>>> print(open('data-v8.txt').read())   # compact mmCIF, C-alpha atoms
# COMPACT_ATOMS: atom_id res chain seq x y z
CA MET M 233 -15.18 -3.91 -2.13
CA ASP M 234 -15.20 -6.96 0.12
CA VAL M 235 -13.42 -7.46 3.42
CA VAL M 236 -12.73 -10.64 5.39
CA VAL M 237 -14.51 -10.50 8.77
CA GLY M 238 -13.75 -14.01 9.97
CA ARG M 239 -12.64 -17.54 9.22
CA ILE M 240 -14.57 -20.66 10.15
CA ALA M 241 -12.29 -22.78 12.32
CA LYS M 242 -14.50 -25.83 12.94
CA ALA M 243 -17.94 -27.19 13.63
CA HIS M 244 -19.10 -27.03 17.24
CA GLY M 245 -21.73 -29.31 18.72
CA ILE M 246 -24.36 -31.29 16.82
CA ARG M 247 -26.73 -28.52 15.70
CA GLY M 248 -24.59 -26.84 13.05
CA GLU M 249 -22.94 -24.18 15.19
CA LEU M 250 -19.53 -23.01 13.95
CA ALA M 251 -16.45 -21.68 15.78
CA VAL M 252 -15.28 -18.52 14.02
CA ASP M 253 -11.94 -16.72 14.32
CA VAL M 254 -13.04 -13.08 14.15
CA ARG M 255 -11.12 -10.63 11.92
CA THR M 256 -13.11 -7.46 12.52
CA ASP M 257 -13.08 -4.77 15.18
CA SER M 258 -16.89 -4.71 15.26
CA PRO M 259 -18.05 -8.33 15.68
CA GLU M 260 -21.26 -7.21 17.38
CA GLN M 261 -22.29 -5.48 14.13
CA ARG M 262 -20.82 -7.96 11.64
CA PHE M 263 -22.31 -10.98 13.40
CA ALA M 264 -25.62 -9.43 14.49
CA VAL M 265 -28.69 -11.65 14.10
CA GLY M 266 -30.11 -11.18 10.61
CA SER M 267 -26.82 -9.96 9.10
CA ALA M 268 -25.68 -11.58 5.87
CA VAL M 269 -22.16 -12.75 5.05
CA THR M 270 -20.70 -14.49 2.06
CA THR M 271 -18.55 -17.54 2.60
CA LYS M 272 -15.63 -18.22 0.33
CA LEU M 273 -15.09 -21.96 0.53
CA ARG M 274 -11.77 -23.76 0.17
CA ASP M 275 -12.76 -24.98 -3.31
CA GLY M 276 -13.23 -21.36 -4.45
CA SER M 277 -17.02 -21.42 -4.47
CA SER M 278 -19.09 -19.04 -2.40
CA ARG M 279 -22.35 -19.17 -0.52
CA ASN M 280 -24.49 -16.53 1.19
CA LEU M 281 -25.41 -17.15 4.83
CA THR M 282 -27.59 -15.34 7.37
CA ILE M 283 -26.60 -15.05 11.04
CA ALA M 284 -29.18 -16.78 13.29
CA ALA M 285 -27.22 -16.48 16.57
CA ALA M 286 -23.72 -15.60 17.82
CA ARG M 287 -22.03 -15.87 21.20
CA GLU M 288 -18.51 -15.74 22.58
CA HIS M 289 -16.84 -18.98 23.64
CA SER M 290 -13.18 -19.64 24.54
CA GLY M 291 -11.72 -16.73 22.55
CA ARG M 292 -13.82 -17.44 19.47
CA LEU M 293 -17.29 -16.61 18.34
CA LEU M 294 -19.79 -19.44 18.04
CA VAL M 295 -22.11 -18.66 15.15
CA ARG M 296 -25.26 -20.39 13.97
CA PHE M 297 -26.46 -19.68 10.44
CA GLU M 298 -30.07 -20.03 9.30
CA GLU M 299 -28.94 -22.18 6.36
CA VAL M 300 -26.75 -24.57 8.41
CA LEU M 301 -28.87 -26.97 10.47
CA THR M 302 -26.61 -29.97 11.09
CA ARG M 303 -23.04 -30.72 12.05
CA ASP M 304 -22.51 -32.49 8.71
CA VAL M 305 -23.34 -29.30 6.81
CA ALA M 306 -21.23 -27.25 9.26
CA GLU M 307 -18.21 -29.52 8.60
CA THR M 308 -18.34 -28.62 4.88
CA LEU M 309 -17.68 -24.98 5.84
CA ARG M 310 -14.47 -25.64 7.81
CA GLY M 311 -11.75 -23.19 6.71
CA ALA M 312 -14.15 -20.91 4.81
CA LEU M 313 -13.57 -17.17 4.89
CA LEU M 314 -16.49 -14.96 5.92
CA ILE M 315 -16.70 -11.89 3.73
CA ALA M 316 -18.74 -8.70 4.05
CA ASP M 317 -19.18 -5.68 1.79
CA THR M 318 -17.07 -2.70 2.95
CA SER M 319 -19.86 -0.28 2.00
CA THR M 320 -21.81 -1.61 5.00
CA LEU M 321 -19.02 -0.81 7.48
CA PRO M 322 -19.80 1.98 9.92
CA PRO M 323 -17.55 5.04 9.64
CA THR M 324 -14.67 5.18 12.11
CA GLU M 325 -15.04 7.99 14.61
CA ASP M 326 -11.40 8.01 15.72
CA PRO M 327 -9.11 9.83 13.25
CA ASP M 328 -6.30 7.40 14.17
CA GLU M 329 -8.39 4.30 13.40
CA PHE M 330 -8.51 2.70 9.96
CA TYR M 331 -9.96 -0.33 8.27
CA ASP M 332 -7.37 -2.64 6.70
CA HIS M 333 -8.80 -2.15 3.21
CA GLU M 334 -8.32 1.63 3.52
CA LEU M 335 -4.56 1.20 4.02
CA GLU M 336 -3.86 -1.55 1.51
CA GLY M 337 -2.44 -0.08 -1.69
CA LEU M 338 -1.36 3.24 -0.16
CA ARG M 339 2.01 4.68 -1.19
CA ALA M 340 4.62 4.46 1.60
CA GLU M 341 6.94 7.44 1.71
CA LEU M 342 9.41 9.17 3.98
CA ALA M 343 8.71 12.59 5.49
CA ASP M 344 10.70 14.24 2.66
CA GLY M 345 8.41 12.65 0.05
CA THR M 346 10.78 9.88 -1.04
CA VAL M 347 8.64 6.92 -2.07
CA VAL M 348 9.81 3.68 -0.45
CA GLY M 349 7.07 1.32 -1.58
CA LYS M 350 3.42 0.34 -1.29
CA VAL M 351 1.34 -1.09 1.58
CA LEU M 352 0.49 -4.67 0.62
CA GLU M 353 -1.54 -5.66 3.68
CA ILE M 354 -1.98 -5.23 7.41
CA VAL M 355 -0.60 -8.09 9.51
CA HIS M 356 -2.37 -8.62 12.83
CA SER M 357 0.08 -10.19 15.25
CA PRO M 358 -0.13 -10.79 19.00
CA ALA M 359 2.39 -7.95 19.46
CA GLY M 360 0.35 -5.47 17.40
CA GLU M 361 -0.34 -4.46 13.83
CA LEU M 362 2.35 -4.39 11.16
CA LEU M 363 2.28 -2.80 7.72
CA SER M 364 3.53 -5.21 5.08
CA ILE M 365 5.28 -2.92 2.60
CA GLU M 366 6.69 -3.85 -0.79
CA HIS M 367 10.13 -2.19 -0.81
CA ASP M 368 12.78 -2.79 -3.49
CA GLY M 369 11.09 -6.00 -4.64
CA ARG M 370 10.76 -7.53 -1.18
CA GLU M 371 8.36 -7.43 1.74
CA VAL M 372 9.29 -5.38 4.80
CA LEU M 373 7.22 -5.47 7.99
CA VAL M 374 6.87 -2.06 9.65
CA PRO M 375 5.32 -1.71 13.13
CA PHE M 376 2.14 0.35 12.77
CA VAL M 377 2.86 2.71 15.65
CA LYS M 378 2.77 6.53 15.72
CA ALA M 379 6.54 6.81 16.26
CA ILE M 380 7.28 4.96 12.99
CA VAL M 381 4.13 5.83 11.01
CA PRO M 382 3.48 9.43 12.09
CA ALA M 383 0.92 10.20 9.38
CA VAL M 384 -1.74 8.34 7.44
CA ASP M 385 -3.40 10.25 4.60
CA VAL M 386 -6.02 7.94 3.12
CA ALA M 387 -7.46 10.69 0.91
CA GLY M 388 -3.96 11.54 -0.35
CA GLY M 389 -3.15 7.86 -0.92
CA ARG M 390 -0.11 7.70 1.36
CA VAL M 391 1.38 6.73 4.68
CA VAL M 392 4.40 8.62 5.98
CA LEU M 393 7.19 6.60 7.57
CA ASP M 394 9.89 7.66 10.02
CA PRO M 395 11.70 4.31 10.28
CA PRO M 396 14.53 3.70 12.70
CA GLU M 397 17.90 3.11 11.06
CA GLY M 398 18.08 -0.28 9.35
CA LEU M 399 14.34 -1.10 9.41
CA LEU M 400 13.93 -0.83 5.65
CA ASP M 401 17.30 -2.53 5.05
CA ALA M 402 16.44 -5.73 6.88
>>> encode(input="data-v8.txt", output="structure tokens")
Amino acid sequence: MDVVVGRIAKAHGIRGELAVDVRTDSPEQRFAVGSAVTTKLRDGSSRNLTIAAAREHSGRLLVRFEEVLTRDVAETLRGALLIADTSTLPPTEDPDEFYDHELEGLRAELADGTVVGKVLEIVHSPAGELLSIEHDGREVLVPFVKAIVPAVDVAGGRVVLDPPEGLLDA
């Protein structure tokens, strides 16, 4: 299974460096020198790239790839998604920490077992993470906090919700 680890925002400088919006909790591993990523370009094509260097700059990561040597080539990658294989992700050591792909597709149910929907995706917002849940044919955003999502059972294929009144009705 593949997971998005970043998105190329723009070219930076004249030597092919790229500004990347990071979408992973472990950028030091995902963007380590010698690591490979697959780019999914805006036209739907893909290309494999190897990390040559990475450094933080103004809230983004500046990445240089072995295969991208000029700004002109870098410009062709603007907007591309950077994808990595989930089998290469390190295991999480915190029992309350999950990768997005582990939660997507889980059954959402109440504490009494009533199924309310399915987790579509995890939304990363400045205020925190939200579970996007398909409920009665529409999308409901549920804050991913212990008080509202008291249990996550990846092996059992479910998340347990204790929503405040009206949250699922909105």
>>> closest_residue(input="data-v8.txt", among="M:Asp253, M:Asp394, M:Asp234, M:Asp304", to="M:Lys272", atoms="all atoms listed in the file")
M:Asp234
>>> residues_around(input="data-v8.txt", residues="stretch 284-292 of chain M", least_positions_apart="2", cutoff="8 Å", atoms="all atoms listed in the file", output="JSON, numbers by chain")
{"M": [251, 252, 253, 254, 263, 264, 265, 266, 282, 294, 295, 296, 297, 298]}
>>> atom_distance(input="data-v8.txt", atom1="atom CA of M:Leu250", atom2="atom CA of M:Ala306")
6.5 Å
>>> closest_residue(input="data-v8.txt", among="M:Val392, M:Leu362, M:Leu281, M:Leu399", to="M:Val300", atoms="all atoms listed in the file")
M:Leu281
>>> closest_residue(input="data-v8.txt", among="M:Gly349, M:Pro375, M:Gly337, M:Gly389", to="M:Glu361", atoms="all atoms listed in the file")
M:Pro375
>>> atom_distance(input="data-v8.txt", atom1="atom CA of M:Arg303", atom2="atom CA of M:Thr271")
16.8 Å
>>> atom_distance(input="data-v8.txt", atom1="atom CA of M:Lys378", atom2="atom CA of M:Val237")
25.2 Å
>>> axis_aligned_box(input="data-v8.txt", around="stretch 343-348 of chain M", padding_each_side="8 Å", output="JSON")
{"center_x": 9.6, "center_y": 9.0, "center_z": 1.7, "size_x": 18.4, "size_y": 26.6, "size_z": 23.6}
>>> residues_around(input="data-v8.txt", residues="M:Val381", least_positions_apart="6", cutoff="10 Å", atoms="all atoms listed in the file", output="list of chain:residue names")
M:Ala340, M:Glu341, M:Leu342, M:Ala343, M:Leu363, M:Val374, M:Pro375, M:Val391, M:Val392, M:Leu393, M:Asp394, M:Pro395
>>> residues_near_point(input="data-v8.txt", point="(-12.7, -11.7, 3.9)", cutoff="9 Å", atoms="all atoms listed in the file", output="ChimeraX atom specification")
/M:234-239,255,270-272,313-316
>>> closest_residue(input="data-v8.txt", among="M:Leu309, M:Leu338, M:Ile380, M:Leu352", to="M:Ser364", atoms="only C-alpha atoms")
M:Leu352
>>> closest_residue(input="data-v8.txt", among="M:Glu353, M:Asp317, M:Glu249, M:Leu293", to="M:Val305", atoms="all atoms listed in the file")
M:Glu249
>>> residues_around(input="data-v8.txt", residues="M:Glu307", least_positions_apart="5", cutoff="9 Å", atoms="only C-alpha atoms", output="number ranges by chain")
M: 242-243, 248, 250, 302
>>> closest_residue(input="data-v8.txt", among="M:Leu301, M:Lys350, M:Ile283, M:His367", to="M:Arg247", atoms="all atoms listed in the file")
M:Leu301
>>> residues_near_point(input="data-v8.txt", point="(-5.1, 2.9, 5.2)", cutoff="8 Å", atoms="all atoms listed in the file", output="PDB file with C-alpha atoms, in the frame of the given file")
ATOM      1  CA  PHE M 330      -8.510   2.700   9.960  1.00  0.00           C
ATOM      2  CA  TYR M 331      -9.960  -0.330   8.270  1.00  0.00           C
ATOM      3  CA  ASP M 332      -7.370  -2.640   6.700  1.00  0.00           C
ATOM      4  CA  HIS M 333      -8.800  -2.150   3.210  1.00  0.00           C
ATOM      5  CA  GLU M 334      -8.320   1.630   3.520  1.00  0.00           C
ATOM      6  CA  LEU M 335      -4.560   1.200   4.020  1.00  0.00           C
ATOM      7  CA  GLU M 336      -3.860  -1.550   1.510  1.00  0.00           C
ATOM      8  CA  GLY M 337      -2.440  -0.080  -1.690  1.00  0.00           C
ATOM      9  CA  LEU M 338      -1.360   3.240  -0.160  1.00  0.00           C
ATOM     10  CA  VAL M 384      -1.740   8.340   7.440  1.00  0.00           C
ATOM     11  CA  ASP M 385      -3.400  10.250   4.600  1.00  0.00           C
ATOM     12  CA  VAL M 386      -6.020   7.940   3.120  1.00  0.00           C
ATOM     13  CA  ARG M 390      -0.110   7.700   1.360  1.00  0.00           C
ATOM     14  CA  VAL M 391       1.380   6.730   4.680  1.00  0.00           C
TER      15      VAL M 391
END
>>> decode(input="data-v8.txt", residues="stretch 271-291 of chain M", atoms="N, CA, C and O atoms", output="PDB file, in the first residue's frame")
ATOM      1  N   THR M 271       6.998   9.883  -7.423  1.00  0.00           N
ATOM      2  CA  THR M 271       6.209  11.094  -7.612  1.00  0.00           C
ATOM      3  C   THR M 271       5.004  10.753  -8.476  1.00  0.00           C
ATOM      4  O   THR M 271       5.117  10.004  -9.439  1.00  0.00           O
ATOM      5  N   LYS M 272       3.865  11.272  -8.086  1.00  0.00           N
ATOM      6  CA  LYS M 272       2.676  11.160  -8.918  1.00  0.00           C
ATOM      7  C   LYS M 272       2.434  12.554  -9.455  1.00  0.00           C
ATOM      8  O   LYS M 272       2.065  13.467  -8.708  1.00  0.00           O
ATOM      9  N   LEU M 273       2.678  12.719 -10.758  1.00  0.00           N
ATOM     10  CA  LEU M 273       2.595  14.031 -11.377  1.00  0.00           C
ATOM     11  C   LEU M 273       1.155  14.428 -11.663  1.00  0.00           C
ATOM     12  O   LEU M 273       0.257  13.588 -11.687  1.00  0.00           O
ATOM     13  N   ARG M 274       0.955  15.700 -11.909  1.00  0.00           N
ATOM     14  CA  ARG M 274      -0.400  16.214 -12.163  1.00  0.00           C
ATOM     15  C   ARG M 274      -1.052  15.557 -13.372  1.00  0.00           C
ATOM     16  O   ARG M 274      -2.268  15.427 -13.423  1.00  0.00           O
ATOM     17  N   ASP M 275      -0.262  15.112 -14.346  1.00  0.00           N
ATOM     18  CA  ASP M 275      -0.843  14.467 -15.534  1.00  0.00           C
ATOM     19  C   ASP M 275      -1.148  12.987 -15.311  1.00  0.00           C
ATOM     20  O   ASP M 275      -1.566  12.286 -16.218  1.00  0.00           O
ATOM     21  N   GLY M 276      -0.916  12.500 -14.078  1.00  0.00           N
ATOM     22  CA  GLY M 276      -1.213  11.111 -13.741  1.00  0.00           C
ATOM     23  C   GLY M 276      -0.031  10.171 -13.897  1.00  0.00           C
ATOM     24  O   GLY M 276      -0.084   9.037 -13.433  1.00  0.00           O
ATOM     25  N   SER M 277       1.027  10.633 -14.520  1.00  0.00           N
ATOM     26  CA  SER M 277       2.212   9.776 -14.670  1.00  0.00           C
ATOM     27  C   SER M 277       2.991   9.741 -13.360  1.00  0.00           C
ATOM     28  O   SER M 277       2.746  10.532 -12.448  1.00  0.00           O
ATOM     29  N   SER M 278       3.930   8.822 -13.269  1.00  0.00           N
ATOM     30  CA  SER M 278       4.745   8.727 -12.067  1.00  0.00           C
ATOM     31  C   SER M 278       6.207   8.580 -12.447  1.00  0.00           C
ATOM     32  O   SER M 278       6.545   8.223 -13.575  1.00  0.00           O
ATOM     33  N   ARG M 279       7.039   8.871 -11.473  1.00  0.00           N
ATOM     34  CA  ARG M 279       8.488   8.847 -11.686  1.00  0.00           C
ATOM     35  C   ARG M 279       9.153   8.541 -10.355  1.00  0.00           C
ATOM     36  O   ARG M 279       8.746   9.086  -9.327  1.00  0.00           O
ATOM     37  N   ASN M 280      10.160   7.686 -10.361  1.00  0.00           N
ATOM     38  CA  ASN M 280      10.906   7.376  -9.140  1.00  0.00           C
ATOM     39  C   ASN M 280      12.061   8.355  -8.980  1.00  0.00           C
ATOM     40  O   ASN M 280      12.760   8.657  -9.948  1.00  0.00           O
ATOM     41  N   LEU M 281      12.244   8.849  -7.750  1.00  0.00           N
ATOM     42  CA  LEU M 281      13.313   9.792  -7.450  1.00  0.00           C
ATOM     43  C   LEU M 281      14.052   9.362  -6.198  1.00  0.00           C
ATOM     44  O   LEU M 281      13.468   8.744  -5.303  1.00  0.00           O
ATOM     45  N   THR M 282      15.328   9.733  -6.131  1.00  0.00           N
ATOM     46  CA  THR M 282      16.178   9.400  -4.983  1.00  0.00           C
ATOM     47  C   THR M 282      16.590  10.683  -4.276  1.00  0.00           C
ATOM     48  O   THR M 282      17.048  11.641  -4.920  1.00  0.00           O
ATOM     49  N   ILE M 283      16.449  10.715  -2.958  1.00  0.00           N
ATOM     50  CA  ILE M 283      16.790  11.900  -2.167  1.00  0.00           C
ATOM     51  C   ILE M 283      18.310  12.076  -2.158  1.00  0.00           C
ATOM     52  O   ILE M 283      19.048  11.181  -1.758  1.00  0.00           O
ATOM     53  N   ALA M 284      18.773  13.266  -2.586  1.00  0.00           N
ATOM     54  CA  ALA M 284      20.204  13.584  -2.558  1.00  0.00           C
ATOM     55  C   ALA M 284      20.538  14.459  -1.348  1.00  0.00           C
ATOM     56  O   ALA M 284      21.632  14.377  -0.792  1.00  0.00           O
ATOM     57  N   ALA M 285      19.579  15.302  -0.926  1.00  0.00           N
ATOM     58  CA  ALA M 285      19.767  16.179   0.233  1.00  0.00           C
ATOM     59  C   ALA M 285      18.413  16.711   0.663  1.00  0.00           C
ATOM     60  O   ALA M 285      17.486  16.802  -0.150  1.00  0.00           O
ATOM     61  N   ALA M 286      18.287  17.044   1.948  1.00  0.00           N
ATOM     62  CA  ALA M 286      17.051  17.633   2.475  1.00  0.00           C
ATOM     63  C   ALA M 286      17.403  18.515   3.664  1.00  0.00           C
ATOM     64  O   ALA M 286      18.273  18.162   4.462  1.00  0.00           O
ATOM     65  N   ARG M 287      16.730  19.660   3.730  1.00  0.00           N
ATOM     66  CA  ARG M 287      16.948  20.581   4.855  1.00  0.00           C
ATOM     67  C   ARG M 287      15.688  21.398   5.083  1.00  0.00           C
ATOM     68  O   ARG M 287      14.898  21.605   4.165  1.00  0.00           O
ATOM     69  N   GLU M 288      15.488  21.823   6.324  1.00  0.00           N
ATOM     70  CA  GLU M 288      14.324  22.642   6.646  1.00  0.00           C
ATOM     71  C   GLU M 288      14.552  24.083   6.214  1.00  0.00           C
ATOM     72  O   GLU M 288      15.682  24.578   6.272  1.00  0.00           O
ATOM     73  N   HIS M 289      13.457  24.719   5.767  1.00  0.00           N
ATOM     74  CA  HIS M 289      13.537  26.116   5.354  1.00  0.00           C
ATOM     75  C   HIS M 289      12.135  26.727   5.375  1.00  0.00           C
ATOM     76  O   HIS M 289      11.260  26.288   4.637  1.00  0.00           O
ATOM     77  N   SER M 290      11.912  27.698   6.239  1.00  0.00           N
ATOM     78  CA  SER M 290      10.651  28.456   6.291  1.00  0.00           C
ATOM     79  C   SER M 290       9.411  27.569   6.371  1.00  0.00           C
ATOM     80  O   SER M 290       8.446  27.772   5.634  1.00  0.00           O
ATOM     81  N   GLY M 291       9.426  26.578   7.240  1.00  0.00           N
ATOM     82  CA  GLY M 291       8.253  25.733   7.447  1.00  0.00           C
ATOM     83  C   GLY M 291       8.073  24.636   6.414  1.00  0.00           C
ATOM     84  O   GLY M 291       7.095  23.899   6.454  1.00  0.00           O
TER      85      GLY M 291
END
